[in-house]
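Data from data20.txt: compact mmCIF, C-alpha atoms
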# COMPACT_ATOMS: atom_id res chain seq x y z
CA MET A 1 -1.62 0.49 -77.17
CA SER A 2 -2.51 4.10 -76.74
CA GLY A 3 -0.05 6.78 -75.85
CA ALA A 4 -1.93 7.32 -72.60
CA SER A 5 -1.57 3.72 -71.53
CA THR A 6 2.14 3.80 -72.38
CA GLY A 7 2.66 6.78 -70.10
CA GLU A 8 0.75 5.11 -67.29
CA HIS A 9 2.88 1.98 -67.54
CA ARG A 10 6.10 3.98 -67.49
CA GLU A 11 5.05 5.75 -64.30
CA GLN A 12 4.80 2.41 -62.51
CA GLY A 13 8.53 1.73 -62.90
CA ARG A 14 9.55 4.16 -60.19
CA ARG A 15 11.01 3.42 -56.77
CA PRO A 16 13.29 6.02 -55.23
CA GLY A 17 17.02 5.62 -55.57
CA ARG A 18 19.68 6.51 -53.03
CA MET A 19 23.43 6.37 -52.52
CA ARG A 20 24.87 2.87 -52.05
CA VAL A 21 28.31 2.06 -50.66
CA THR A 22 28.85 -1.52 -51.79
CA THR A 23 31.55 -4.17 -51.92
CA VAL A 24 32.68 -6.00 -55.03
CA ARG A 25 32.02 -9.68 -54.39
CA GLN A 26 32.89 -11.25 -57.73
CA VAL A 27 34.38 -10.33 -61.12
CA ARG A 28 33.99 -12.65 -64.08
CA ARG A 29 34.28 -12.46 -67.87
CA VAL A 30 31.05 -12.97 -69.80
CA THR A 31 32.75 -12.46 -73.19
CA PRO A 32 36.23 -11.21 -74.15
CA GLN A 33 34.98 -7.60 -73.99
CA MET A 34 32.38 -7.80 -71.22
CA VAL A 35 32.88 -8.22 -67.48
CA ARG A 36 30.11 -9.01 -64.98
CA ILE A 37 30.68 -7.54 -61.52
CA THR A 38 28.67 -8.62 -58.49
CA PHE A 39 28.11 -5.99 -55.80
CA GLY A 40 26.85 -6.75 -52.31
CA GLY A 41 26.69 -5.61 -48.73
CA GLU A 42 24.36 -4.26 -46.08
CA GLU A 43 23.60 -1.22 -48.24
CA LEU A 44 21.70 -3.53 -50.62
CA ALA A 45 19.54 -5.21 -47.98
CA ASP A 46 16.68 -2.82 -48.76
CA PHE A 47 17.39 -2.43 -52.50
CA GLN A 48 14.16 -2.50 -54.50
CA SER A 49 14.50 -3.24 -58.18
CA ASN A 50 12.58 -1.25 -60.79
CA GLY A 51 13.27 -3.93 -63.42
CA THR A 52 14.03 -3.83 -67.17
CA ASP A 53 16.44 -1.04 -68.19
CA GLN A 54 16.89 0.56 -64.76
CA HIS A 55 20.38 1.93 -64.26
CA VAL A 56 22.57 3.33 -61.53
CA ALA A 57 25.17 6.09 -61.55
CA MET A 58 28.65 4.86 -60.57
CA TYR A 59 30.62 7.51 -58.64
CA PHE A 60 34.35 7.89 -59.28
CA TYR A 61 36.32 10.28 -57.07
CA GLU A 62 39.97 11.21 -57.37
CA PRO A 63 42.16 8.93 -55.20
CA HIS A 64 43.12 11.73 -52.78
CA VAL A 65 39.49 12.51 -51.84
CA VAL A 66 38.58 11.40 -48.32
CA LEU A 67 34.90 10.51 -48.16
CA PRO A 68 32.93 11.10 -44.95
CA ARG A 69 31.16 8.18 -43.30
CA PRO A 70 28.38 7.37 -43.56
CA PHE A 71 28.51 8.43 -47.19
CA THR A 72 25.08 9.61 -48.29
CA GLY A 73 23.60 11.66 -51.10
CA GLU A 74 23.68 14.69 -48.79
CA ALA A 75 27.38 14.05 -48.08
CA ALA A 76 28.10 13.87 -51.81
CA LYS A 77 26.34 17.21 -52.37
CA ALA A 78 28.31 18.81 -49.54
CA LEU A 79 31.55 17.72 -51.24
CA LEU A 80 30.72 19.29 -54.60
CA PRO A 81 32.54 22.60 -54.03
CA THR A 82 35.83 20.73 -53.49
CA ALA A 83 35.36 17.24 -54.96
CA LYS A 84 33.20 16.48 -57.97
CA PRO A 85 32.88 12.84 -58.95
CA ARG A 86 32.75 11.61 -62.51
CA LEU A 87 29.72 9.46 -63.22
CA ARG A 88 29.07 6.44 -65.42
CA ARG A 89 25.69 4.81 -65.80
CA TYR A 90 25.18 1.07 -65.83
CA THR A 91 22.17 -1.22 -66.07
CA ILE A 92 21.30 -3.61 -63.27
CA ARG A 93 21.71 -6.99 -64.98
CA ALA A 94 20.43 -9.11 -62.09
CA HIS A 95 19.15 -8.65 -58.54
CA ARG A 96 19.27 -11.34 -55.85
CA PRO A 97 17.51 -9.81 -52.84
CA GLU A 98 17.98 -12.94 -50.73
CA LEU A 99 21.76 -12.41 -51.00
CA ALA A 100 21.70 -8.60 -51.04
CA GLU A 101 23.49 -8.68 -54.39
CA VAL A 102 23.21 -7.08 -57.80
CA ASP A 103 25.14 -7.71 -61.01
CA MET A 104 26.22 -5.14 -63.57
CA ASP A 105 27.90 -5.78 -66.93
CA PHE A 106 30.76 -3.55 -68.09
CA VAL A 107 31.87 -3.31 -71.71
CA LEU A 108 35.67 -3.07 -71.77
CA HIS A 109 36.69 -0.09 -73.90
CA GLY A 110 40.31 0.03 -72.71
CA GLU A 111 42.28 0.49 -69.50
CA ASP A 112 42.63 4.22 -70.18
CA GLN A 113 38.86 4.69 -69.89
CA LEU A 114 37.48 5.63 -66.48
CA ALA A 115 34.86 2.97 -65.73
CA SER A 116 36.15 0.43 -68.24
CA GLY A 117 39.64 0.63 -66.79
CA TRP A 118 38.25 0.30 -63.27
CA ALA A 119 36.26 -2.78 -64.29
CA GLU A 120 39.40 -4.39 -65.73
CA ARG A 121 41.42 -3.77 -62.56
CA VAL A 122 38.92 -4.12 -59.71
CA LYS A 123 39.22 -7.05 -57.30
CA PRO A 124 36.74 -8.66 -54.89
CA GLY A 125 36.66 -6.82 -51.58
CA GLU A 126 37.08 -3.35 -53.08
CA GLU A 127 34.52 -0.62 -52.50
CA ALA A 128 32.16 0.73 -55.15
CA ILE A 129 29.80 3.69 -54.72
CA TRP A 130 26.72 4.24 -56.82
CA PHE A 131 23.34 5.96 -56.77
CA GLY A 132 20.17 4.23 -57.88
CA PRO A 133 18.13 2.73 -59.24
CA SER A 134 16.64 4.97 -61.91
CA PRO A 135 13.04 4.61 -63.11
CA ALA A 136 12.63 1.79 -65.59
CA TYR A 137 10.94 1.11 -68.90
CA VAL A 138 7.80 -0.84 -68.02
CA LEU A 139 6.48 -3.45 -70.38
CA ALA A 140 2.94 -2.84 -71.62
CA PRO A 141 0.65 -5.88 -71.29
CA ASP A 142 -1.39 -4.82 -74.33
CA ALA A 143 1.55 -4.76 -76.75
CA GLN A 144 1.10 -7.31 -79.55
CA TRP A 145 4.81 -7.45 -80.38
CA THR A 146 8.12 -5.89 -79.35
CA VAL A 147 11.31 -4.87 -81.15
CA LEU A 148 14.53 -4.72 -79.11
CA LEU A 149 17.63 -3.32 -80.75
CA GLY A 150 21.02 -2.07 -79.61
CA ASP A 151 24.75 -2.57 -79.42
CA GLU A 152 26.79 -4.16 -76.62
CA THR A 153 26.23 -1.16 -74.32
CA ALA A 154 22.50 -1.93 -74.37
CA LEU A 155 22.90 -5.71 -74.16
CA PRO A 156 22.34 -5.93 -70.36
CA ALA A 157 19.04 -4.07 -70.69
CA ILE A 158 18.00 -6.17 -73.69
CA ALA A 159 18.76 -9.33 -71.71
CA VAL A 160 16.60 -8.22 -68.78
CA LEU A 161 13.77 -7.14 -71.07
CA LEU A 162 13.80 -10.57 -72.71
CA GLU A 163 13.67 -12.24 -69.31
CA GLU A 164 10.64 -10.16 -68.31
CA LEU A 165 8.59 -10.46 -71.51
CA PRO A 166 5.63 -12.83 -71.09
CA PRO A 167 5.68 -16.38 -72.48
CA GLY A 168 4.90 -16.53 -76.19
CA HIS A 169 5.15 -12.77 -76.73
CA ARG A 170 6.46 -12.05 -80.23
CA VAL A 171 9.77 -10.17 -80.11
CA PHE A 172 12.38 -9.27 -82.72
CA VAL A 173 15.90 -8.66 -81.39
CA LEU A 174 18.85 -7.06 -83.19
CA VAL A 175 22.15 -6.87 -81.31
CA GLU A 176 25.28 -5.38 -82.85
CA VAL A 177 28.57 -6.55 -81.30
CA ALA A 178 32.24 -6.53 -82.26
CA ASP A 179 32.39 -10.14 -83.48
CA SER A 180 31.03 -13.63 -82.88
CA ALA A 181 32.98 -14.02 -79.62
CA GLU A 182 30.78 -11.30 -78.07
CA GLU A 183 27.57 -13.30 -78.38
CA GLN A 184 26.08 -14.53 -75.09
CA PRO A 185 23.03 -16.55 -74.02
CA LEU A 186 19.79 -14.55 -73.92
CA PRO A 187 17.24 -16.76 -72.15
CA THR A 188 13.57 -15.87 -72.54
CA ASP A 189 10.11 -17.42 -72.49
CA ALA A 190 9.03 -15.04 -75.23
CA ASP A 191 8.74 -16.08 -78.87
CA ALA A 192 12.02 -14.40 -79.76
CA ARG A 193 13.84 -14.09 -83.07
CA ILE A 194 17.35 -12.99 -82.10
CA THR A 195 19.78 -11.74 -84.74
CA TRP A 196 23.42 -11.08 -83.85
CA LEU A 197 25.19 -8.52 -86.03
CA HIS A 198 29.00 -8.78 -86.10
CA ARG A 199 30.79 -5.53 -86.95
CA ASP A 200 34.10 -7.23 -87.74
CA GLY A 201 35.64 -3.78 -88.21
CA ALA A 202 32.62 -1.99 -89.70
CA PRO A 203 31.72 1.43 -88.21
CA ALA A 204 29.57 1.22 -85.08
CA GLY A 205 25.87 1.43 -85.79
CA THR A 206 26.10 0.69 -89.51
CA LEU A 207 24.78 -2.87 -89.31
CA LEU A 208 22.24 -2.05 -86.65
CA HIS A 209 20.77 0.76 -88.73
CA ARG A 210 20.65 -1.31 -91.91
CA HIS A 211 18.98 -4.34 -90.37
CA ALA A 212 16.56 -2.26 -88.28
CA THR A 213 15.37 -0.33 -91.32
CA GLU A 214 14.89 -3.63 -93.19
CA LEU A 215 12.57 -5.02 -90.50
CA SER A 216 9.00 -5.77 -91.55
CA LEU A 217 6.92 -4.81 -88.54
CA PRO A 218 4.01 -7.14 -87.75
CA ALA A 219 0.37 -6.03 -87.87
CA GLY A 220 -1.12 -4.56 -84.74
CA ARG A 221 0.45 -2.18 -82.24
CA GLY A 222 3.74 -2.98 -80.66
CA ARG A 223 6.60 -1.25 -78.93
CA ILE A 224 10.15 -0.52 -80.03
CA TRP A 225 12.99 -0.25 -77.50
CA GLY A 226 16.56 0.57 -78.46
CA GLY A 227 19.88 1.75 -77.09
CA ALA A 228 23.07 2.57 -79.02
CA GLU A 229 25.08 5.51 -80.36
CA ARG A 230 23.20 8.82 -80.44
CA GLY A 231 23.28 9.35 -84.21
CA THR A 232 22.11 5.80 -84.85
CA MET A 233 19.20 6.16 -82.43
CA ARG A 234 18.22 9.52 -83.94
CA ALA A 235 18.17 8.03 -87.43
CA LEU A 236 16.12 5.03 -86.33
CA ARG A 237 13.63 7.26 -84.54
CA ARG A 238 13.09 9.14 -87.80
CA HIS A 239 12.70 5.86 -89.65
CA PHE A 240 10.12 4.34 -87.32
CA VAL A 241 8.17 7.46 -86.36
CA ASP A 242 8.40 9.69 -89.44
CA GLY A 243 8.93 7.00 -92.05
CA LEU A 244 6.70 4.15 -90.88
CA GLY A 245 4.25 6.14 -88.78
CA VAL A 246 4.87 4.31 -85.49
CA ASP A 247 3.37 6.28 -82.61
CA ARG A 248 6.21 8.10 -80.84
CA ALA A 249 4.73 6.96 -77.52
CA ASP A 250 5.35 3.36 -78.64
CA THR A 251 9.08 3.97 -79.15
CA HIS A 252 11.84 4.26 -76.58
CA LEU A 253 15.13 4.84 -78.43
CA THR A 254 17.89 6.04 -76.13
CA ALA A 255 21.41 7.34 -76.80
CA TYR A 256 23.71 5.16 -74.69
CA TRP A 257 26.81 6.96 -75.98
CA THR A 258 27.88 9.63 -78.47
CA ALA A 259 30.58 9.17 -81.12
CA GLY A 260 33.59 11.38 -80.50
CA GLU A 261 32.66 12.17 -76.89
CA THR A 262 33.78 10.68 -73.60
CA GLN A 263 31.29 8.39 -71.93
CA ASP A 264 32.05 9.96 -68.57
CA SER A 265 29.89 12.76 -67.24
CA GLU A 266 30.22 15.21 -64.40
CA VAL A 267 27.80 15.16 -61.50
Go ahead and render the structure in this file as structure tokens.
Amino acid sequence: MSGASTGEHREQGRRPGRMRVTTVRQVRRVTPQMVRITFGGEELADFQSNGTDQHVAMYFYEPHVVLPRPFTGEAAKALLPTAKPRLRRYTIRAHRPELAEVDMDFVLHGEDQLASGWAERVKPGEEAIWFGPSPAYVLAPDAQWTVLLGDETALPAIAVLLEELPPGHRVFVLVEVADSAEEQPLPTDADARITWLHRDGAPAGTLLHRHATELSLPAGRGRIWGGAERGTMRALRRHFVDGLGVDRADTHLTAYWTAGETQDSEV
């Protein structure tokens, strides 16, 4: 793969996002610390998926804020002087256009956390507002192999990437989770070697970094996708790009969260 071709493929993963006022249709536990929420409604009738690691921005307003109807992106902007939402970004785990539904997976960090607490309490029938989808990471057909690595926050994107990789494609997967109970099925037609890393109390990112730096990359040109804590991703970028000489254009290592900082962001 050349850097030019990588850029061209990434440009293809772009369909415009917009504000969606949706209804929670189902809430179910995937693992002890992960909840899958199904969103649906008329607002999703024209939803066009960008695939892979596309995400949406969940909007959380203070309870006293009265939202105008219809609630659009323009309406949200008009509210900014008096009501700023807090945002959390989540990957689209599945899209069922025939049902006007999408799924998103929420890692449960505690009831005192904004989105995590909401995901623990929310019930079917409640409203959820989000903007999306974002552009997505597009798989390159000329890649000879792929490395996917991340922690539980990146697991929904890793799962979708595995589902979209072509049959027989060689892929190495490293997923760091809290313990063995957090493992979940990762179906794929690719030739995948999946390694689950259980922290069992170890600092976040430690196992992921160690196992990623011990990987023996195959011959030929491939692509490396990752999502985890910012410091871990920065260190792995140095390892692959500066240490092993992987073309930076063939890496996509994203900070999904930052140690010591809230995961919520202002609009």
Excluding Gly117 of chain A and any residue of its chain fewer than 3 positions from it, enumerate the residues within 12 Å of it, using all atoms listed in the file, and give them as a ChimeraX atom specification.
/A:33-35,60,106-114,120-122
Just checking: using all atoms listed in the file, which residue out of A:Ser216, A:Thr188, A:Thr195, A:Thr146 ends up closest to Thr251 of chain A?
A:Thr146
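Across the model, the gap from atom CA of Val66 of chain A to atom CA of His95 of chain A is 29.7 Å.
Between Thr72 of chain A and the residues A:Pro185, A:Pro218, A:Gly17, A:Pro203, the shortest atom-to-atom distance, using all atoms listed in the file, involves A:Gly17.
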With distances taken over all atoms listed in the file, the candidate from A:Val241, A:Ile37, A:Ala228, A:Ala204 nearest Ser116 of chain A is A:Ile37
In terms of the shortest atom-to-atom distance over all atoms listed in the file, which of A:Ile92, A:Leu139, A:Ala181, A:Ala100 is closest to Asp46 of chain A?
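The answer is A:Ala100, which sits nearest to Asp46 of chain A.
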Could you please determine the separation between atom CA of Gly41 of chain A and atom CA of Arg96 of chain A in Å, to one decimal place?
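Atom CA of Gly41 of chain A sits 11.8 Å away from atom CA of Arg96 of chain A.
Closest to Pro156 of chain A among A:Thr206, A:Thr91, A:Thr23, A:Gln184 is A:Thr91, based on all atoms listed in the file.
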Within 12 Å of file point (19.5, -4.9, -88.8), counting all atoms listed in the file, expressed as a ChimeraX atom specification
/A:147-151,172-177,194-199,205-216,232,236
Of the candidates A:Ser134, A:Ile129, A:Lys77, A:Arg230, which shows the shortest atom-to-atom distance to Glu261 of chain A, using all atoms listed in the file?
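Ranked by minimum distance to Glu261 of chain A, first place goes to A:Arg230.
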Separation of atom CA of Ala57 of chain A from atom CA of Ala76 of chain A in Å
12.8 Å
